[in-house]
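A.B. asks: Just one file: model-v5.pdb, with PDB, C-alpha atoms.
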ATOM      1  CA  MET T  99      -5.730  34.122   8.895
ATOM      2  CA  LYS T 100      -3.517  31.448   7.344
ATOM      3  CA  LYS T 101      -1.889  29.172   9.903
ATOM      4  CA  LYS T 102       1.866  29.641  10.176
ATOM      5  CA  ASP T 103       3.774  26.770   8.557
ATOM      6  CA  THR T 104       6.133  25.391  11.190
ATOM      7  CA  SER T 105       7.748  22.832   8.890
ATOM      8  CA  TRP T 106      11.177  23.335   7.304
ATOM      9  CA  GLU T 107       9.674  23.763   3.821
ATOM     10  CA  GLU T 108      10.850  27.352   3.340
ATOM     11  CA  VAL T 109      14.522  26.480   3.871
ATOM     12  CA  GLU T 110      14.647  22.991   2.395
ATOM     13  CA  GLY T 111      17.627  23.866   0.187
ATOM     14  CA  TRP T 112      19.685  25.296   3.037
ATOM     15  CA  TYR T 113      18.748  22.455   5.392
ATOM     16  CA  SER T 114      19.498  19.694   2.873
ATOM     17  CA  ALA T 115      22.866  21.268   2.065
ATOM     18  CA  SER T 116      23.805  21.670   5.736
ATOM     19  CA  VAL T 117      22.825  18.094   6.626
ATOM     20  CA  GLY T 118      24.134  16.471   3.439
ATOM     21  CA  GLU T 119      23.843  12.804   2.603
ATOM     22  CA  LYS T 120      25.326  11.455   5.850
ATOM     23  CA  GLY T 121      24.339  14.214   8.261
ATOM     24  CA  HIS T 122      26.192  17.087   9.917
ATOM     25  CA  TYR T 123      29.062  16.546  12.378
ATOM     26  CA  TYR T 124      26.890  15.651  15.381
ATOM     27  CA  HIS T 125      24.701  13.370  13.266
ATOM     28  CA  ARG T 126      27.712  11.374  12.104
ATOM     29  CA  THR T 127      29.734  11.224  15.308
ATOM     30  CA  LEU T 128      27.141  11.274  18.071
ATOM     31  CA  ILE T 129      23.444  11.128  17.236
ATOM     32  CA  LEU T 130      23.148   8.431  14.573
ATOM     33  CA  PRO T 131      25.557   5.899  16.169
ATOM     34  CA  ASN T 132      23.888   6.291  19.571
ATOM     35  CA  ALA T 133      20.377   6.066  18.107
ATOM     36  CA  LEU T 134      21.226   2.830  16.281
ATOM     37  CA  LYS T 135      22.687   1.418  19.494
ATOM     38  CA  LEU T 136      19.670   2.334  21.620
ATOM     39  CA  LEU T 137      17.241   0.851  19.100
ATOM     40  CA  ARG T 138      19.476  -2.239  18.732
ATOM     41  CA  ILE T 139      19.433  -2.035  14.960
ATOM     42  CA  LYS T 140      21.628  -4.709  13.429
ATOM     43  CA  LYS T 141      22.437  -5.452   9.803
ATOM     44  CA  GLU T 142      21.761  -9.176  10.215
ATOM     45  CA  LYS T 143      18.144  -8.777  11.329
ATOM     46  CA  PRO T 144      16.927  -5.180  10.857
ATOM     47  CA  PRO T 145      13.648  -4.165  12.521
ATOM     48  CA  SER T 146      10.821  -2.271  10.848
ATOM     49  CA  VAL T 147      11.289   1.460  11.473
ATOM     50  CA  LEU T 148       8.901   4.426  11.562
ATOM     51  CA  ASP T 149      10.756   7.769  11.233
ATOM     52  CA  ILE T 150       8.592  10.725  12.295
ATOM     53  CA  GLY T 151       9.758  14.132  11.089
ATOM     54  CA  CYS T 152      12.262  12.366   8.834
ATOM     55  CA  GLY T 153      13.416  15.469   6.947
ATOM     56  CA  GLN T 154      15.459  14.518   3.916
ATOM     57  CA  GLY T 155      16.081  11.008   5.228
ATOM     58  CA  VAL T 156      19.360  11.212   7.125
ATOM     59  CA  PHE T 157      18.360   8.432   9.548
ATOM     60  CA  ALA T 158      17.055   6.234   6.729
ATOM     61  CA  ARG T 159      20.441   6.285   5.008
ATOM     62  CA  CYS T 160      22.224   4.794   8.024
ATOM     63  CA  LEU T 161      19.845   1.810   8.176
ATOM     64  CA  PRO T 162      20.474  -1.600   6.582
ATOM     65  CA  PRO T 163      19.039  -1.725   3.023
ATOM     66  CA  ALA T 164      16.725  -4.608   3.966
ATOM     67  CA  THR T 165      14.978  -2.531   6.656
ATOM     68  CA  THR T 166      11.220  -2.070   6.294
ATOM     69  CA  TYR T 167      11.070   1.702   6.654
ATOM     70  CA  SER T 168       8.477   4.478   6.517
ATOM     71  CA  GLY T 169       9.301   8.140   7.007
ATOM     72  CA  ILE T 170       6.905  11.072   7.269
ATOM     73  CA  ASP T 171       7.511  14.821   7.211
ATOM     74  CA  ALA T 172       5.395  17.960   6.867
ATOM     75  CA  SER T 173       7.691  19.437   4.201
ATOM     76  CA  PRO T 174       6.942  18.151   0.662
ATOM     77  CA  SER T 175      10.322  19.385  -0.592
ATOM     78  CA  LEU T 176      12.208  17.490   2.102
ATOM     79  CA  ILE T 177      10.239  14.346   1.284
ATOM     80  CA  GLU T 178      11.156  14.715  -2.393
ATOM     81  CA  GLU T 179      14.814  15.155  -1.445
ATOM     82  CA  ALA T 180      14.608  12.063   0.778
ATOM     83  CA  LYS T 181      13.249  10.027  -2.126
ATOM     84  CA  LYS T 182      16.068  11.232  -4.399
ATOM     85  CA  GLN T 183      18.847  10.467  -1.914
ATOM     86  CA  THR T 184      17.538   7.223  -0.418
ATOM     87  CA  LYS T 185      17.301   4.286  -2.793
ATOM     88  CA  SER T 186      15.808   1.079  -1.403
ATOM     89  CA  PRO T 187      12.662  -0.806  -2.477
ATOM     90  CA  SER T 188      11.608  -1.309   1.158
ATOM     91  CA  PHE T 189      11.878   2.398   2.069
ATOM     92  CA  ASN T 190       8.801   4.629   1.775
ATOM     93  CA  PHE T 191       8.428   8.366   2.391
ATOM     94  CA  HIS T 192       5.167  10.217   2.983
ATOM     95  CA  HIS T 193       4.287  13.913   3.067
ATOM     96  CA  ALA T 194       2.159  14.229   6.209
ATOM     97  CA  ASP T 195       1.594  16.202   9.403
ATOM     98  CA  ALA T 196       2.715  14.019  12.323
ATOM     99  CA  THR T 197       0.095  15.549  14.612
ATOM    100  CA  LYS T 198      -2.684  14.185  12.402
ATOM    101  CA  PRO T 199      -3.466  10.538  11.474
ATOM    102  CA  PHE T 200      -0.566   8.995   9.539
ATOM    103  CA  PRO T 201      -1.152   7.891   5.902
ATOM    104  CA  ILE T 202       0.363   4.491   6.736
ATOM    105  CA  GLU T 203      -1.522   1.205   7.029
ATOM    106  CA  LYS T 204       1.131  -0.740   8.950
ATOM    107  CA  THR T 205       0.368  -0.831  12.698
ATOM    108  CA  ASP T 206       3.074  -3.210  13.942
ATOM    109  CA  PHE T 207       6.400  -1.406  13.482
ATOM    110  CA  ASP T 208       9.208  -2.653  15.722
ATOM    111  CA  CYS T 209      10.442   0.839  16.542
ATOM    112  CA  ALA T 210       9.849   4.521  15.884
ATOM    113  CA  ILE T 211      12.006   7.601  16.210
ATOM    114  CA  PHE T 212      11.652  11.372  16.466
ATOM    115  CA  LEU T 213      15.184  12.457  15.526
ATOM    116  CA  LEU T 214      15.497  16.141  16.514
ATOM    117  CA  SER T 215      12.001  16.669  15.127
ATOM    118  CA  LEU T 216       9.587  16.628  18.071
ATOM    119  CA  GLN T 217      10.587  20.111  19.258
ATOM    120  CA  ASN T 218       9.447  21.556  15.927
ATOM    121  CA  MET T 219       5.934  20.135  16.389
ATOM    122  CA  GLU T 220       3.333  22.264  18.112
ATOM    123  CA  HIS T 221       1.087  19.411  19.258
ATOM    124  CA  GLN T 222       3.668  16.969  20.574
ATOM    125  CA  GLU T 223       1.200  14.942  22.612
ATOM    126  CA  ALA T 224      -0.795  14.173  19.453
ATOM    127  CA  ALA T 225       2.331  13.188  17.502
ATOM    128  CA  ILE T 226       3.435  10.743  20.206
ATOM    129  CA  ALA T 227      -0.085   9.283  20.427
ATOM    130  CA  ASN T 228      -0.130   8.823  16.647
ATOM    131  CA  ALA T 229       3.195   6.999  16.774
ATOM    132  CA  ARG T 230       1.787   4.554  19.337
ATOM    133  CA  LYS T 231      -1.014   3.583  16.917
ATOM    134  CA  HIS T 232       1.571   2.228  14.472
ATOM    135  CA  LEU T 233       3.729   0.255  16.915
ATOM    136  CA  ARG T 234       3.278  -3.304  18.093
ATOM    137  CA  LYS T 235       3.137  -3.995  21.819
ATOM    138  CA  GLY T 236       6.687  -4.112  23.163
ATOM    139  CA  ALA T 237       8.057  -1.908  20.376
ATOM    140  CA  HIS T 238      10.337   0.997  21.214
ATOM    141  CA  LEU T 239       9.994   4.727  20.635
ATOM    142  CA  LEU T 240      13.116   6.896  20.716
ATOM    143  CA  LEU T 241      12.941  10.653  21.236
ATOM    144  CA  VAL T 242      16.165  12.525  20.435
ATOM    145  CA  LEU T 243      15.887  16.142  21.551
ATOM    146  CA  ASN T 244      18.004  19.226  21.819
ATOM    147  CA  HIS T 245      18.372  19.003  25.582
ATOM    148  CA  PRO T 246      15.235  20.707  26.955
ATOM    149  CA  CYS T 247      16.939  21.625  30.245
ATOM    150  CA  PHE T 248      19.955  23.402  28.763
ATOM    151  CA  ARG T 249      19.204  24.307  25.121
ATOM    152  CA  ILE T 250      16.094  26.459  25.096
ATOM    153  CA  PRO T 251      16.041  29.029  22.261
ATOM    154  CA  ARG T 252      16.180  32.598  23.607
ATOM    155  CA  GLN T 253      16.031  31.278  27.184
ATOM    156  CA  SER T 254      19.504  29.775  27.581
ATOM    157  CA  SER T 255      23.011  30.992  26.795
ATOM    158  CA  TRP T 256      26.679  30.633  27.673
ATOM    159  CA  GLY T 257      28.319  32.967  30.173
ATOM    160  CA  ILE T 258      31.765  33.339  31.751
ATOM    161  CA  ASP T 259      32.315  33.876  35.464
ATOM    162  CA  GLU T 260      35.273  36.256  35.488
ATOM    163  CA  ALA T 261      36.136  35.514  39.132
ATOM    164  CA  SER T 262      36.579  31.770  38.648
ATOM    165  CA  LYS T 263      37.360  31.914  34.918
ATOM    166  CA  GLN T 264      34.770  29.227  34.317
ATOM    167  CA  GLN T 265      32.157  28.983  31.604
ATOM    168  CA  TYR T 266      28.595  28.303  32.706
ATOM    169  CA  ARG T 267      25.155  27.810  31.222
ATOM    170  CA  ARG T 268      22.512  30.397  32.031
ATOM    171  CA  ILE T 269      18.873  29.249  32.085
ATOM    172  CA  GLN T 270      16.166  31.911  32.264
ATOM    173  CA  ARG T 271      13.026  29.752  31.953
ATOM    174  CA  TYR T 272      12.411  26.010  31.884
ATOM    175  CA  MET T 273       9.158  24.752  33.450
ATOM    176  CA  SER T 274       6.847  26.841  31.261
ATOM    177  CA  SER T 275       5.693  25.459  27.919
ATOM    178  CA  MET T 276       6.809  27.922  25.251
ATOM    179  CA  LYS T 277       6.308  28.666  21.558
ATOM    180  CA  ILE T 278       9.590  30.340  20.632
ATOM    181  CA  PRO T 279      10.312  32.050  17.285
ATOM    182  CA  ILE T 280      13.609  30.959  15.741
ATOM    183  CA  GLN T 281      15.507  31.936  12.610
ATOM    184  CA  MET T 282      16.025  28.827  10.533
ATOM    185  CA  ASN T 283      19.102  30.150   8.702
ATOM    186  CA  PRO T 284      20.632  32.618  11.187
ATOM    187  CA  GLY T 285      23.799  33.078   9.141
ATOM    188  CA  LYS T 286      21.823  34.934   6.457
ATOM    189  CA  LYS T 287      19.310  37.011   8.366
ATOM    190  CA  GLU T 288      18.109  38.905   5.327
ATOM    191  CA  GLN T 289      17.125  35.595   3.678
ATOM    192  CA  SER T 290      16.193  33.691   6.818
ATOM    193  CA  ALA T 291      12.718  32.259   7.320
ATOM    194  CA  GLN T 292      11.120  32.160  10.738
ATOM    195  CA  THR T 293       9.610  29.095  12.330
ATOM    196  CA  PHE T 294       9.013  28.032  15.934
ATOM    197  CA  SER T 295      10.492  25.762  18.551
ATOM    198  CA  PHE T 296       7.996  24.294  21.005
ATOM    199  CA  HIS T 297       9.518  23.806  24.436
ATOM    200  CA  HIS T 298       8.203  21.451  27.104
ATOM    201  CA  SER T 299       9.695  20.349  30.398
ATOM    202  CA  LEU T 300      10.718  16.753  31.007
ATOM    203  CA  THR T 301       7.662  16.425  33.225
ATOM    204  CA  ASP T 302       5.436  17.297  30.261
ATOM    205  CA  THR T 303       7.247  15.074  27.765
ATOM    206  CA  ILE T 304       7.247  12.005  30.000
ATOM    207  CA  GLY T 305       3.584  12.731  30.703
ATOM    208  CA  PHE T 306       2.878  12.678  26.947
ATOM    209  CA  LEU T 307       4.599   9.282  26.736
ATOM    210  CA  SER T 308       2.672   7.864  29.673
ATOM    211  CA  LYS T 309      -0.689   9.072  28.341
ATOM    212  CA  ALA T 310       0.039   7.380  24.996
ATOM    213  CA  ARG T 311       0.758   4.073  26.799
ATOM    214  CA  PHE T 312       4.542   4.167  26.757
ATOM    215  CA  SER T 313       6.804   3.385  29.685
ATOM    216  CA  LEU T 314      10.228   5.034  29.909
ATOM    217  CA  THR T 315      13.031   2.455  29.829
ATOM    218  CA  SER T 316      16.176   4.522  29.303
ATOM    219  CA  LEU T 317      17.433   8.104  29.448
ATOM    220  CA  GLU T 318      20.771   9.227  28.031
ATOM    221  CA  GLU T 319      22.409  12.664  27.846
ATOM    222  CA  TRP T 320      24.957  13.272  25.097
ATOM    223  CA  CYS T 321      27.698  15.879  25.442
ATOM    224  CA  SER T 322      29.630  17.470  22.617
ATOM    225  CA  ASN T 323      32.722  15.550  21.537
ATOM    226  CA  LYS T 324      34.407  18.573  19.983
ATOM    227  CA  LYS T 325      37.623  20.074  21.360
ATOM    228  CA  SER T 326      38.596  23.734  21.514
ATOM    229  CA  GLU T 327      41.943  25.321  20.729
ATOM    230  CA  GLY T 328      43.601  28.434  22.073
ATOM    231  CA  ALA T 329      43.686  30.219  25.419
ATOM    232  CA  LYS T 330      40.124  29.324  26.417
ATOM    233  CA  ALA T 331      40.317  25.663  25.372
ATOM    234  CA  LYS T 332      40.473  24.183  28.882
ATOM    235  CA  MET T 333      37.541  26.266  30.113
ATOM    236  CA  GLU T 334      35.411  25.561  27.051
ATOM    237  CA  ASP T 335      36.178  21.836  27.012
ATOM    238  CA  ARG T 336      35.250  21.532  30.682
ATOM    239  CA  ALA T 337      31.911  23.256  30.127
ATOM    240  CA  ARG T 338      31.279  21.187  26.994
ATOM    241  CA  SER T 339      31.837  17.942  28.920
ATOM    242  CA  GLU T 340      29.495  18.982  31.746
ATOM    243  CA  ILE T 341      26.522  20.477  29.871
ATOM    244  CA  PRO T 342      24.908  17.969  27.464
ATOM    245  CA  LEU T 343      23.697  19.005  24.021
ATOM    246  CA  PHE T 344      21.162  16.239  23.455
ATOM    247  CA  LEU T 345      18.719  14.144  25.435
ATOM    248  CA  ALA T 346      17.571  10.673  24.352
ATOM    249  CA  LEU T 347      14.446   9.092  25.844
ATOM    250  CA  LEU T 348      13.722   5.447  25.020
ATOM    251  CA  ALA T 349      10.213   4.199  25.799
ATOM    252  CA  ARG T 350       8.421   0.878  25.415
ATOM    253  CA  ALA T 351       4.926   0.515  23.967
ATOM    254  CA  GLU T 352       2.623  -1.113  26.502
TER     255      GLU T 352
END
In structure tokens, write the structure found in this file.
C.D. replies:
Amino acid sequence: MKKKDTSWEEVEGWYSASVGEKGHYYHRTLILPNALKLLRIKKEKPPSVLDIGCGQGVFARCLPPATTYSGIDASPSLIEEAKKQTKSPSFNFHHADATKPFPIEKTDFDCAIFLLSLQNMEHQEAAIANARKHLRKGAHLLLVLNHPCFRIPRQSSWGIDEASKQQYRRIQRYMSSMKIPIQMNPGKKEQSAQTFSFHHSLTDTIGFLSKARFSLTSLEEWCSNKKSEGAKAKMEDRARSEIPLFLALLARAE
């Protein structure tokens, strides 16, 4: 039986259009600025960057042009789109499975990032271990995740407590590792391809980092910065400010 492709190859067109050149709303206003800050990327002296699960290169396009950059992704179409949109002689993109040895010779990158990509990889421990092989000692690895405590496909949802008129987050399962089917373009179900999200607890993820010889140096939780309108605005804004969308884990290569 042919192994199910868990990359975003089947919906490259939809994904590239939804992300665009500079990213979707949360990329532009929350994720990319915070990622650059955590990795201490400055225009004056840019580090060398390894982007794992790079998609069509949204992180690459917010880096200084002089950055030494390599991005890898399992989708050949996304890699081709990244090459079209990202023009810099020091930027390289590679079609590769992150859970297998990388087709990159450089082993002393200053930093690496999984930008909302790790949760689409079945063998996350292998991907993190592979990243370590291409980082110098003291380099940093940044994991940006859909928050694994509060945003678990099919296992978490919003609810409203009618008595208190407060919105809450319902969590059905968390500690178990899960392979969860998801629709990659839910707005068009008749055309939507199915892939999987691979859930792990924080205990598991930090264990993967430790086994690959990383030490955790920082943890940040990022809440939505959107604001609601209408009768439910106060309730929704309160819930939005209390339940984070994203989790960022910064680790140091030992």
A.B. asks: Smallest atom-to-atom distance to Phe189 (chain T): which of T:Leu176, T:Met219, T:Leu148, T:Leu347, using only C-alpha atoms?
C.D. replies: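 Result for the nearest residue to Phe189 (chain T): T:Leu148.
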A.B. asks: Take the PyMOL selection byres ((chain T and resi 250) around 12), run it mentally on this structure, and tell me the resulting residues as a ChimeraX atom specification.
C.D. replies: /T:217,243-249,251-256,267-280,294-299,343-344
A.B. asks: Export C-alpha atoms of the chosen residues as a PDB file, keeping the file's coordinate frame?
C.D. replies:
ATOM      1  CA  GLN T 217      10.587  20.111  19.258  1.00  0.00           C
ATOM      2  CA  LEU T 243      15.887  16.142  21.551  1.00  0.00           C
ATOM      3  CA  ASN T 244      18.004  19.226  21.819  1.00  0.00           C
ATOM      4  CA  HIS T 245      18.372  19.003  25.582  1.00  0.00           C
ATOM      5  CA  PRO T 246      15.235  20.707  26.955  1.00  0.00           C
ATOM      6  CA  CYS T 247      16.939  21.625  30.245  1.00  0.00           C
ATOM      7  CA  PHE T 248      19.955  23.402  28.763  1.00  0.00           C
ATOM      8  CA  ARG T 249      19.204  24.307  25.121  1.00  0.00           C
ATOM      9  CA  PRO T 251      16.041  29.029  22.261  1.00  0.00           C
ATOM     10  CA  ARG T 252      16.180  32.598  23.607  1.00  0.00           C
ATOM     11  CA  GLN T 253      16.031  31.278  27.184  1.00  0.00           C
ATOM     12  CA  SER T 254      19.504  29.775  27.581  1.00  0.00           C
ATOM     13  CA  SER T 255      23.011  30.992  26.795  1.00  0.00           C
ATOM     14  CA  TRP T 256      26.679  30.633  27.673  1.00  0.00           C
ATOM     15  CA  ARG T 267      25.155  27.810  31.222  1.00  0.00           C
ATOM     16  CA  ARG T 268      22.512  30.397  32.031  1.00  0.00           C
ATOM     17  CA  ILE T 269      18.873  29.249  32.085  1.00  0.00           C
ATOM     18  CA  GLN T 270      16.166  31.911  32.264  1.00  0.00           C
ATOM     19  CA  ARG T 271      13.026  29.752  31.953  1.00  0.00           C
ATOM     20  CA  TYR T 272      12.411  26.010  31.884  1.00  0.00           C
ATOM     21  CA  MET T 273       9.158  24.752  33.450  1.00  0.00           C
ATOM     22  CA  SER T 274       6.847  26.841  31.261  1.00  0.00           C
ATOM     23  CA  SER T 275       5.693  25.459  27.919  1.00  0.00           C
ATOM     24  CA  MET T 276       6.809  27.922  25.251  1.00  0.00           C
ATOM     25  CA  LYS T 277       6.308  28.666  21.558  1.00  0.00           C
ATOM     26  CA  ILE T 278       9.590  30.340  20.632  1.00  0.00           C
ATOM     27  CA  PRO T 279      10.312  32.050  17.285  1.00  0.00           C
ATOM     28  CA  ILE T 280      13.609  30.959  15.741  1.00  0.00           C
ATOM     29  CA  PHE T 294       9.013  28.032  15.934  1.00  0.00           C
ATOM     30  CA  SER T 295      10.492  25.762  18.551  1.00  0.00           C
ATOM     31  CA  PHE T 296       7.996  24.294  21.005  1.00  0.00           C
ATOM     32  CA  HIS T 297       9.518  23.806  24.436  1.00  0.00           C
ATOM     33  CA  HIS T 298       8.203  21.451  27.104  1.00  0.00           C
ATOM     34  CA  SER T 299       9.695  20.349  30.398  1.00  0.00           C
ATOM     35  CA  LEU T 343      23.697  19.005  24.021  1.00  0.00           C
ATOM     36  CA  PHE T 344      21.162  16.239  23.455  1.00  0.00           C
TER      37      PHE T 344
END
A.B. asks: When you count all atoms listed in the file, which of these residues is closest to Ser262 (chain T): T:Met333, T:Ala180, T:Ala224, T:Cys209?
C.D. replies: T:Met333
A.B. asks: Nearest to Arg230 (chain T): which of T:Lys263, T:Arg126, T:Lys143, T:Lys309 is it, counting all atoms listed in the file?
C.D. replies: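 Ranked by minimum distance to Arg230 (chain T), first place goes to T:Lys309.
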A.B. asks: May I have the protein, DNA and RNA residues with any atom at most 10 Å from the point (29.1, 25.4, 30.6), counting all atoms listed in the file, written as a PDB file with C-alpha atoms, keeping the file's coordinate frame?
C.D. replies:
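File written: out.pdb
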ATOM      1  CA  PHE T 248      19.955  23.402  28.763  1.00  0.00           C
ATOM      2  CA  SER T 255      23.011  30.992  26.795  1.00  0.00           C
ATOM      3  CA  TRP T 256      26.679  30.633  27.673  1.00  0.00           C
ATOM      4  CA  GLY T 257      28.319  32.967  30.173  1.00  0.00           C
ATOM      5  CA  ILE T 258      31.765  33.339  31.751  1.00  0.00           C
ATOM      6  CA  GLN T 264      34.770  29.227  34.317  1.00  0.00           C
ATOM      7  CA  GLN T 265      32.157  28.983  31.604  1.00  0.00           C
ATOM      8  CA  TYR T 266      28.595  28.303  32.706  1.00  0.00           C
ATOM      9  CA  ARG T 267      25.155  27.810  31.222  1.00  0.00           C
ATOM     10  CA  ARG T 268      22.512  30.397  32.031  1.00  0.00           C
ATOM     11  CA  MET T 333      37.541  26.266  30.113  1.00  0.00           C
ATOM     12  CA  GLU T 334      35.411  25.561  27.051  1.00  0.00           C
ATOM     13  CA  ASP T 335      36.178  21.836  27.012  1.00  0.00           C
ATOM     14  CA  ARG T 336      35.250  21.532  30.682  1.00  0.00           C
ATOM     15  CA  ALA T 337      31.911  23.256  30.127  1.00  0.00           C
ATOM     16  CA  ARG T 338      31.279  21.187  26.994  1.00  0.00           C
ATOM     17  CA  SER T 339      31.837  17.942  28.920  1.00  0.00           C
ATOM     18  CA  GLU T 340      29.495  18.982  31.746  1.00  0.00           C
ATOM     19  CA  ILE T 341      26.522  20.477  29.871  1.00  0.00           C
ATOM     20  CA  PRO T 342      24.908  17.969  27.464  1.00  0.00           C
TER      21      PRO T 342
END
A.B. asks: Can you tell me, as a PyMOL selection string, what residues are no more than 10 Å from Lys198 (chain T) when counting all atoms listed in the file, ignoring any on the same chain fewer than 2 positions away?
C.D. replies: chain T and resi 194-196+200-201+221+224-225+227-228
A.B. asks: Could you take the residues named above and write them with C-alpha atoms, as a PDB file, keeping the file's coordinate frame?
C.D. replies:
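Contents of the output file out_22.pdb:
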ATOM      1  CA  ALA T 194       2.159  14.229   6.209  1.00  0.00           C
ATOM      2  CA  ASP T 195       1.594  16.202   9.403  1.00  0.00           C
ATOM      3  CA  ALA T 196       2.715  14.019  12.323  1.00  0.00           C
ATOM      4  CA  PHE T 200      -0.566   8.995   9.539  1.00  0.00           C
ATOM      5  CA  PRO T 201      -1.152   7.891   5.902  1.00  0.00           C
ATOM      6  CA  HIS T 221       1.087  19.411  19.258  1.00  0.00           C
ATOM      7  CA  ALA T 224      -0.795  14.173  19.453  1.00  0.00           C
ATOM      8  CA  ALA T 225       2.331  13.188  17.502  1.00  0.00           C
ATOM      9  CA  ALA T 227      -0.085   9.283  20.427  1.00  0.00           C
ATOM     10  CA  ASN T 228      -0.130   8.823  16.647  1.00  0.00           C
TER      11      ASN T 228
END
A.B. asks: Just checking: using all atoms listed in the file, which residue out of T:Leu128, T:Ile170, T:Ala291, T:Ile211 ends up closest to Leu233 (chain T)?
C.D. replies: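 Ranking T:Leu128, T:Ile170, T:Ala291, T:Ile211 by distance to Leu233 (chain T), first place goes to T:Ile211.
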